[in-house]
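A.B. asks: Before anything else, here's the structure in question.
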Amino acid sequence: MKNIGNIGVLTSGGDSPGMNAAIRAVVRTGIYLGCRVFGIHRGYQGMIEGDITELKSTDVSNIISRGGTILKTARSKDFMTLQGMEAAYRQLLKHDIDALVIIGGDGSFRGAVAFFEKYLIPAVGIPGTIDKDLVGTDFTIGFDTAVNTAMEAIDKIKDTAEAHDRLFLVEVMGRDAGYIALNSGIACGAEDILIPEEETRMDEVLERIAGDERRKKEVHIIVVAEGDDSSGIEAVAKAVSERFPAKDIRSCVLGHIQRGGAPSSADRVLASRLGYAAVNGLAEGKSQVMAGIVNGNVVFTPFKNVIKSRMPVQQDMLNMIKVLSI
């Protein structure tokens, strides 16, 4: 195990369905390889405060199907300071923790880079974020579940839209990335999808609605990512209502329901593979890398590459929306 006897595992940043499956895989793989595994509660803040307990195989029984994270999660401003990192390091020494597995997004990995540069603690990351905004992996833990949750909600909204001949605006999560909006919108047959990666031209959006009006298309669904540059769902609703004052318009913000619920089978399998890969990566001497799946294979990408880049949106998907919504 390259001088690694004890492994600490933590979840950091926003929660995502499948984190528990990843924790389970880390714990059981570590134990199988002869390590002790310690759960660090509440992310980096729990590391600073010493909120650390050893996890046995039975402690992670029956958690694979649970949403959220049994280790809790938090964002820690204290960890961004030298004093905070020093306090965290002392707690790792106290528990004889030799290496870390960090389940989270790019913010969590930035913290790992800064910590490693000062204390040289080996760390491997697991991409746990519903946004699917990290390079080095085709999918992130929680994305599939979040998209399915949004899709089910939009399908239900579409039913009532058809019953009342309404135009619905639906906001989904995605502060900096539009993948949830893009995938759930395509899956539901949305007429328009507004995402941060592409400039929103309201005149074009309004013209597409006008085209539907001329063709007597009575239902119009617009999916809006929360980080879209249109200034938010209410601004879009205002622009639409001003252009079409007779149109019955409703707005719906799905919010945090997209983070909750039992993870899908795809997220459970992905989390299990990545948890297993992360511990084996540590065993092989890897550090400061994120485990991911690309084209079906496990790959390791340096943290510094992960946090410097964003997963680009595929242009063919954007083109497809315009074709399929006519």
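Going by the structure tokens order, chains are called A, B, ..., each with residues numbered from 1, while ligands are numbered from 1 in the order shown.
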Could you produce a table of the residues of segment 159-275 of chain A lying within 8 Å of segment 57-65 of chain A, with the nearest pair of atoms per residue and their separation in Å rounded to one decimal, using only C-alpha atoms, ordered by chain and increasing residue number, as CSV?
C.D. replies:
```
residue,atom,partner,partner_atom,distance
A:Ala262,CA,A:Ser65,CA,5.5
A:Pro263,CA,A:Ser65,CA,6.2
A:Arg268,CA,A:Ile64,CA,6.8
```
A.B. asks: Could you list, as a ChimeraX atom specification, every residue within 10 Å of Tyr44 of chain A, counting only C-alpha atoms and ignoring same-chain residues fewer than 5 positions away?
C.D. replies: /A:10-13,49-51,73-80,84-85,88,102,108,111-112
A.B. asks: Name the residues in contact with Pro196 of chain A at a cut-off of 6 Å, using only C-alpha atoms, excluding same-chain residues fewer than 3 positions from it; report them as a PyMOL selection string.
C.D. replies: chain A and resi 178+227-229
A.B. asks: With only C-alpha atoms as the basis for distance, which of A:Arg259, A:Arg250, A:Arg66, A:His95 is at the shortest distance from Gly39 of chain A?
C.D. replies: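 Of A:Arg259, A:Arg250, A:Arg66, A:His95, the one nearest Gly39 of chain A is A:His95, counting only C-alpha atoms.
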A.B. asks: Name the residues of segment 29-208 of chain A that come out as alpha helix (DSSP H) in a backbone DSSP run; write them as number ranges by chain.
C.D. replies: A: 29-32, 43-49, 82-94, 106-119, 143-164, 179-188, 202-208
A.B. asks: Which polymer residues have any atom within 7 Å of an atom of Thr137 of chain A, counting only C-alpha atoms, with same-chain residues fewer than 2 positions away left out, as a PyMOL selection string?
C.D. replies: chain A and resi 134-135+139-140+292-294
A.B. asks: For the residues in the current selection, export N, CA and C atoms as a PDB file, in the first residue's frame.
C.D. replies:
```pdb
ATOM      1  N   LEU A 134     -16.975  18.462 -14.602  1.00  0.00           N
ATOM      2  CA  LEU A 134     -15.557  18.203 -14.393  1.00  0.00           C
ATOM      3  C   LEU A 134     -14.956  17.470 -15.589  1.00  0.00           C
ATOM      4  N   VAL A 135     -13.786  17.908 -16.031  1.00  0.00           N
ATOM      5  CA  VAL A 135     -13.068  17.150 -17.051  1.00  0.00           C
ATOM      6  C   VAL A 135     -12.456  15.919 -16.390  1.00  0.00           C
ATOM      7  N   PHE A 139     -19.020  11.014 -16.661  1.00  0.00           N
ATOM      8  CA  PHE A 139     -20.157  11.279 -15.785  1.00  0.00           C
ATOM      9  C   PHE A 139     -19.664  11.499 -14.364  1.00  0.00           C
ATOM     10  N   THR A 140     -20.411  12.282 -13.598  1.00  0.00           N
ATOM     11  CA  THR A 140     -20.103  12.501 -12.193  1.00  0.00           C
ATOM     12  C   THR A 140     -21.208  11.868 -11.350  1.00  0.00           C
ATOM     13  N   GLY A 292     -11.794   8.846 -12.597  1.00  0.00           N
ATOM     14  CA  GLY A 292     -12.956   9.065 -13.447  1.00  0.00           C
ATOM     15  C   GLY A 292     -13.158   7.896 -14.394  1.00  0.00           C
ATOM     16  N   ILE A 293     -14.260   7.930 -15.113  1.00  0.00           N
ATOM     17  CA  ILE A 293     -14.550   6.919 -16.128  1.00  0.00           C
ATOM     18  C   ILE A 293     -14.642   7.623 -17.481  1.00  0.00           C
ATOM     19  N   VAL A 294     -13.788   7.241 -18.412  1.00  0.00           N
ATOM     20  CA  VAL A 294     -13.811   7.792 -19.763  1.00  0.00           C
ATOM     21  C   VAL A 294     -13.894   6.628 -20.745  1.00  0.00           C
TER      22      VAL A 294
END
```
